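Below is one structure, written out as structure tokens; comments come after it.
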There are 2 protein chains.
Amino acid sequence: MRFTSAVSSGKSLGEQAYETIRDAIITLRLEPGQTIYENELADSLHISRTPIRDALQLLVSERLVDILPQRNKQVAYISELKVKESSFVRLSLESSAFRLAAGDWRETERYAKAEKQIGRLLREQGEAAEQQDVVEFLRLDEEFHRCILQLAGNETLLEVVYHMRGHLNRFRYLAMKELVLTESLVHEHEELFERLKKRDENGVVKLLEHHLGKLDSEFPRLREQFPGYFKD
Amino acid sequence: MRFTSAVSSGKSLGEQAYETIRDAIITLRLEPGQTIYENELADSLHISRTPIRDALQLLVSERLVDILPQRNKQVAYISELKVKESSFVRLSLESSAFRLAAGDWRETERYAKAEKQIGRLLREQGEAAEQQDVVEFLRLDEEFHRCILQLAGNETLLEVVYHMRGHLNRFRYLAMKELVLTESLVHEHEELFERLKKRDENGVVKLLEHHLGKLDSEFPRLREQFPGYFKD
DNA sequence: CTGAGTATACGTGTATACAAGTATACAAGT
DNA sequence: ACTTGTATACTTGTATACACGTATACTCAG
């Protein structure tokens, strides 16, 4: 397995390795169940085992990597339970965040900035859907939700949701592997933002539930199509 | 700083170190702002730097340890913002968990077991309060909430809440350092459990808000009393 | 006496070396 | 042929050695 070497920056090698490996797992370039050899990764990324181990430990704590003690590690199988649990946590937190934000952010400068950015994101997402660019679409989706959450101004919450999204997005990547992108997803985002602006809490929560819950129906199909990727 | 060496078990040295250090931070035996030297910890625990670094990295990811790149690490200052953010996340998740559990667990065996355990915990907590045993009280508090959450059966959620509780409990330890334990806290738990049994969702959420929100009022007093512990 | 500049000490970040445990393959006995 | 025991290979877990970067203290010039 070959990776494009990460860019040099202020980050430590361990951090870079973390991001690289995590991305590879979520985009399924490292397949669920595949065994991971620290030496192999170290060679691929042209660094030693130490930062690799640093990265892997973080991924273990996120449950994206499983550990067979004294034997080896493997990228975690996709677990329907884990995906649903993550989805539940995320739904709970995003809903709460909306309720929290519903109060007083309408006039702030932060809001003005966010509104502009969200408009841009929605447009770009439309283009990505048109071109069936799954990777870009999911990246923009990520950014959209992130942007919305930032309005609530709770960094801790944001971080937790980020972790939950790891498991969810991996599943979505799998779903998107053979699912065509529709404009409807973009429209859901647009409507979400509309209701948010109108402070329609219940509407927002309901939409979120629908938006995030749609995945559930995909499990049987994907289980059948990628039997080796699932476990539980 | 001296630690009692962790018990031998199936856990790796890194895991043991993690638990030991985390506990020391939360119980304030390692003070907020105190700089951490990997060598020092390694000597204290009679192991090498490697497992220490493993443990510290996890604590960094929990924001219980801050990192000054290429300089040193320090146990994170108590941040009012962080505590409140964690509190918010926890409240959101516990509330959702109650709503989730409100459905169909009343008849399950799991529930029967939990009810017995909760009864025991409430009793023991009463005794701990009587004897002003802060450490034991908080441990039982932890177990109480954990037990309640397990009824919802969402491991992922449980884990997130566990992390949030790290920051909250540290603050509570500080508060308890000179606050007398009252029976009222135990009564709050009892009432919480009563309303849970009655499926009084709104009542549960309201009680939780009160139960978890009480900390807010403590900030000014503690800030004044332990100025060196706070930062933000 | 003060401030800039250099040298030194110290701690982390990274690499490598070593130890310990598990699985596999091979051999020997039944 | 099959089972059981032993040896070997391989990977992780841990320890140690090295490199890099920051801070501090000292020196020397003004």
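Letters A, B, ... mark the chains of the structure tokens in the order given; residue numbers begin at 1 per chain; ligand numbers begin at 1, in order shown.
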
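Interface residues on chain C toward chain B (cut-off 10 Å, only C-alpha atoms (C1' of nucleotides)): DC10, DG11, DT12 and DG13 of chain C.
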
Fitted copy of chain B on chain A, all Cα, as a compact mmCIF listing (two decimals) with C-alpha atoms, in the first residue's frame:
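See selection_2.txt below for the written result:
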# COMPACT_ATOMS: atom_id res chain seq x y z
CA MET B 1 0.01 0.08 0.02
CA ARG B 2 1.53 3.31 -1.11
CA PHE B 3 0.75 6.78 0.24
CA THR B 4 1.51 10.17 -1.07
CA SER B 5 3.94 11.57 1.43
CA ALA B 6 2.40 14.22 3.65
CA VAL B 7 3.37 17.83 3.26
CA SER B 8 5.99 19.28 5.54
CA SER B 9 4.70 21.78 8.04
CA GLY B 10 4.69 22.71 11.70
CA LYS B 11 3.16 19.36 12.51
CA SER B 12 5.16 16.53 13.97
CA LEU B 13 5.62 13.36 11.98
CA GLY B 14 3.23 11.59 14.30
CA GLU B 15 0.47 14.09 13.58
CA GLN B 16 1.03 13.88 9.87
CA ALA B 17 0.99 10.12 10.03
CA TYR B 18 -2.25 10.26 11.98
CA GLU B 19 -3.97 12.36 9.37
CA THR B 20 -2.64 10.35 6.49
CA ILE B 21 -3.60 6.99 7.93
CA ARG B 22 -6.96 8.19 9.18
CA ASP B 23 -7.81 9.55 5.78
CA ALA B 24 -6.74 6.29 4.17
CA ILE B 25 -9.01 4.33 6.48
CA ILE B 26 -12.04 6.54 6.03
CA THR B 27 -11.72 6.64 2.28
CA LEU B 28 -11.33 2.85 2.31
CA ARG B 29 -7.91 2.87 0.70
CA LEU B 30 -7.09 0.83 3.76
CA GLU B 31 -9.81 -1.78 3.81
CA PRO B 32 -11.80 -2.82 6.85
CA GLY B 33 -10.28 -5.93 8.34
CA GLN B 34 -6.95 -5.41 6.62
CA THR B 35 -4.09 -6.12 8.95
CA ILE B 36 -1.73 -3.27 9.62
CA TYR B 37 1.98 -3.79 10.03
CA GLU B 38 3.81 -0.97 11.69
CA ASN B 39 6.97 -1.67 9.74
CA GLU B 40 5.10 -1.58 6.48
CA LEU B 41 3.53 1.78 7.25
CA ALA B 42 6.84 3.10 8.48
CA ASP B 43 8.47 2.16 5.20
CA SER B 44 5.62 3.62 3.17
CA LEU B 45 5.80 6.95 4.90
CA HIS B 46 9.59 6.91 5.17
CA ILE B 47 9.63 7.37 8.91
CA SER B 48 10.32 5.13 11.86
CA ARG B 49 7.87 3.03 13.82
CA THR B 50 7.62 5.48 16.70
CA PRO B 51 5.47 8.16 15.05
CA ILE B 52 3.50 5.39 13.37
CA ARG B 53 2.70 3.93 16.75
CA ASP B 54 1.71 7.36 18.00
CA ALA B 55 -0.72 7.72 15.14
CA LEU B 56 -2.11 4.22 15.52
CA GLN B 57 -2.75 4.66 19.19
CA LEU B 58 -4.93 7.66 18.48
CA LEU B 59 -6.80 5.69 15.86
CA VAL B 60 -7.26 2.86 18.34
CA SER B 61 -8.77 5.30 20.80
CA GLU B 62 -11.20 6.33 18.05
CA ARG B 63 -12.01 2.69 17.39
CA LEU B 64 -10.91 3.01 13.80
CA VAL B 65 -8.17 0.47 14.45
CA ASP B 66 -8.49 -2.74 16.40
CA ILE B 67 -5.69 -4.30 18.29
CA LEU B 68 -4.89 -7.98 18.65
CA PRO B 69 -2.54 -7.92 21.62
CA GLN B 70 0.96 -9.12 20.92
CA ARG B 71 -0.18 -10.17 17.45
CA ASN B 72 -1.03 -7.28 15.18
CA LYS B 73 -3.42 -4.48 14.49
CA GLN B 74 -6.10 -4.26 11.86
CA VAL B 75 -8.29 -1.54 10.51
CA ALA B 76 -11.60 -1.93 12.26
CA TYR B 77 -14.39 -3.71 10.49
CA ILE B 78 -17.43 -1.62 9.81
CA SER B 79 -19.85 -2.28 12.60
CA GLU B 80 -23.50 -1.52 12.06
CA LEU B 81 -23.84 -1.01 15.79
CA LYS B 82 -20.92 1.40 15.94
CA VAL B 83 -22.19 3.37 12.98
CA LYS B 84 -25.64 3.66 14.50
CA GLU B 85 -24.30 4.58 17.90
CA SER B 86 -22.11 7.26 16.37
CA SER B 87 -25.03 8.49 14.37
CA PHE B 88 -27.12 8.75 17.49
CA VAL B 89 -24.47 10.70 19.34
CA ARG B 90 -24.01 13.00 16.44
CA LEU B 91 -27.70 13.62 16.01
CA SER B 92 -28.05 14.38 19.66
CA LEU B 93 -25.20 16.84 19.65
CA GLU B 94 -26.09 18.58 16.42
CA SER B 95 -29.63 19.02 17.61
CA SER B 96 -28.48 20.45 20.90
CA ALA B 97 -26.07 22.71 19.11
CA PHE B 98 -28.89 24.11 17.04
CA ARG B 99 -30.98 24.71 20.11
CA LEU B 100 -28.03 26.40 21.74
CA ALA B 101 -27.36 28.58 18.75
CA ALA B 102 -30.97 29.49 18.25
CA GLY B 103 -30.54 32.18 20.85
CA ASP B 104 -28.50 35.15 19.95
CA TRP B 105 -26.12 34.62 17.09
CA ARG B 106 -28.27 36.17 14.40
CA GLU B 107 -26.72 39.59 14.68
CA THR B 108 -23.12 38.65 15.29
CA GLU B 109 -20.32 39.15 12.85
CA ARG B 110 -19.55 35.48 13.13
CA TYR B 111 -22.94 34.73 11.73
CA ALA B 112 -22.55 37.06 8.79
CA LYS B 113 -19.30 35.39 7.89
CA ALA B 114 -20.80 31.95 8.25
CA GLU B 115 -23.77 32.79 6.06
CA LYS B 116 -21.53 33.83 3.22
CA GLN B 117 -19.42 30.72 3.57
CA ILE B 118 -22.42 28.46 3.70
CA GLY B 119 -23.78 29.99 0.54
CA ARG B 120 -20.51 29.26 -1.18
CA LEU B 121 -20.42 25.71 0.11
CA LEU B 122 -23.92 24.97 -1.10
CA ARG B 123 -23.04 26.20 -4.53
CA GLU B 124 -19.86 24.15 -4.72
CA GLN B 125 -21.69 21.11 -3.45
CA GLY B 126 -24.16 21.46 -6.25
CA GLU B 127 -21.32 21.43 -8.75
CA ALA B 128 -19.69 18.43 -7.13
CA ALA B 129 -22.97 16.54 -7.30
CA GLU B 130 -23.33 17.44 -10.92
CA GLN B 131 -19.92 16.04 -11.71
CA GLN B 132 -20.43 12.99 -9.50
CA ASP B 133 -17.28 13.90 -7.57
CA VAL B 134 -17.86 11.82 -4.45
CA VAL B 135 -14.69 12.79 -2.64
CA GLU B 136 -15.23 16.49 -3.09
CA PHE B 137 -18.88 16.16 -2.23
CA LEU B 138 -18.16 14.51 1.09
CA ARG B 139 -15.46 17.01 1.87
CA LEU B 140 -17.91 19.84 1.30
CA ASP B 141 -20.54 18.04 3.32
CA GLU B 142 -18.09 17.81 6.15
CA GLU B 143 -17.32 21.48 5.88
CA PHE B 144 -20.98 22.41 5.72
CA HIS B 145 -21.84 20.68 8.96
CA ARG B 146 -18.71 21.99 10.57
CA CYS B 147 -19.61 25.49 9.58
CA ILE B 148 -23.09 25.15 11.01
CA LEU B 149 -21.77 23.76 14.24
CA GLN B 150 -19.26 26.54 14.61
CA LEU B 151 -22.17 28.92 14.97
CA ALA B 152 -22.89 27.25 18.26
CA GLY B 153 -19.35 28.03 19.32
CA ASN B 154 -18.68 24.88 21.30
CA GLU B 155 -15.26 23.55 20.34
CA THR B 156 -15.54 20.47 22.50
CA LEU B 157 -18.78 19.48 20.89
CA LEU B 158 -17.29 20.10 17.49
CA GLU B 159 -14.44 17.77 18.26
CA VAL B 160 -16.67 14.97 19.45
CA VAL B 161 -18.81 15.23 16.37
CA TYR B 162 -15.67 15.14 14.26
CA HIS B 163 -14.77 11.79 15.75
CA MET B 164 -18.24 10.41 15.27
CA ARG B 165 -18.17 11.52 11.66
CA GLY B 166 -15.15 9.34 11.10
CA HIS B 167 -17.16 6.18 11.35
CA LEU B 168 -20.13 7.65 9.55
CA ASN B 169 -18.16 8.97 6.65
CA ARG B 170 -16.38 5.71 6.10
CA PHE B 171 -19.73 4.08 5.74
CA ARG B 172 -20.88 6.82 3.43
CA TYR B 173 -17.81 6.37 1.28
CA LEU B 174 -18.76 2.78 0.88
CA ALA B 175 -22.32 3.71 0.06
CA MET B 176 -21.18 6.27 -2.46
CA LYS B 177 -18.94 3.83 -4.19
CA GLU B 178 -21.82 2.84 -6.35
CA LEU B 179 -24.51 5.28 -5.49
CA VAL B 180 -25.09 8.23 -7.74
CA LEU B 181 -25.04 11.65 -6.19
CA THR B 182 -28.32 13.39 -6.35
CA GLU B 183 -29.20 17.01 -6.12
CA SER B 184 -31.61 16.07 -3.37
CA LEU B 185 -28.82 15.87 -0.86
CA VAL B 186 -27.84 19.40 -1.62
CA HIS B 187 -31.44 20.48 -1.33
CA GLU B 188 -31.60 18.91 2.09
CA HIS B 189 -28.71 21.07 3.13
CA GLU B 190 -30.33 24.14 1.68
CA GLU B 191 -33.54 23.45 3.51
CA LEU B 192 -31.64 22.77 6.70
CA PHE B 193 -30.03 26.15 6.47
CA GLU B 194 -33.33 27.84 5.66
CA ARG B 195 -35.03 26.42 8.72
CA LEU B 196 -32.04 27.29 10.81
CA LYS B 197 -32.36 30.90 9.72
CA LYS B 198 -36.02 30.81 10.63
CA ARG B 199 -35.17 29.33 14.03
CA ASP B 200 -37.46 26.45 13.32
CA GLU B 201 -35.95 24.14 15.90
CA ASN B 202 -38.32 21.26 15.47
CA GLY B 203 -38.05 21.45 11.74
CA VAL B 204 -34.28 21.40 11.96
CA VAL B 205 -34.22 18.40 14.24
CA LYS B 206 -36.68 16.52 12.11
CA LEU B 207 -34.70 17.25 8.97
CA LEU B 208 -31.50 16.20 10.66
CA GLU B 209 -33.05 12.95 11.75
CA HIS B 210 -34.08 12.27 8.21
CA HIS B 211 -30.82 13.47 6.72
CA LEU B 212 -28.67 11.38 9.05
CA GLY B 213 -31.05 8.46 9.30
CA LYS B 214 -31.15 7.69 5.61
CA LEU B 215 -28.03 5.60 5.94
CA ASP B 216 -29.82 2.89 7.86
CA SER B 217 -31.54 1.57 4.80
CA GLU B 218 -28.23 1.03 3.07
CA PHE B 219 -26.91 -1.59 5.42
CA PRO B 220 -28.45 -4.71 3.89
CA ARG B 221 -27.38 -3.83 0.38
CA LEU B 222 -23.82 -2.99 1.37
CA ARG B 223 -23.48 -5.96 3.67
CA GLU B 224 -24.28 -8.17 0.72
CA GLN B 225 -22.01 -6.32 -1.64
CA PHE B 226 -19.00 -6.09 0.67
CA PRO B 227 -19.38 -8.99 3.07
CA GLY B 228 -15.74 -8.90 4.11
CA TYR B 229 -16.00 -5.32 5.34
CA PHE B 230 -18.54 -5.91 8.07
CA LYS B 231 -18.34 -7.44 11.48
CA ASP B 232 -20.94 -7.74 14.21

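Here atom C1' of D:DC10 stands at a distance of 9.1 Å from atom C1' of C:DT22.
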
Residues of stretch 30-61 of chain B in helix (DSSP H, G or I), written as a ChimeraX atom specification:
/B:38-45,49-61

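For C:DG3, the set of protein, DNA and RNA residues having any atom at most 12 Å away, when counting only C-alpha atoms (C1' of nucleotides) and skipping those fewer than 5 positions along the same chain, is D:DT27, D:DC28, D:DA29, D:DG30.
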
Report the residues of chain A whose backbone DSSP state falls under strand (DSSP E), written as JSON, numbers by chain.
{"A": [35, 36, 65, 66, 67, 68, 72, 73, 74, 75]}

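For chain D, the residues having at least one atom no farther than 10 Å from chain B, when counting only C-alpha atoms (C1' of nucleotides), are D:DG13, D:DT14, D:DA15, D:DT16, D:DC20, D:DG21, D:DT22, D:DA23.
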
The distance between atom C1' of D:DA7 and atom C1' of C:DT24 is 10.5 Å
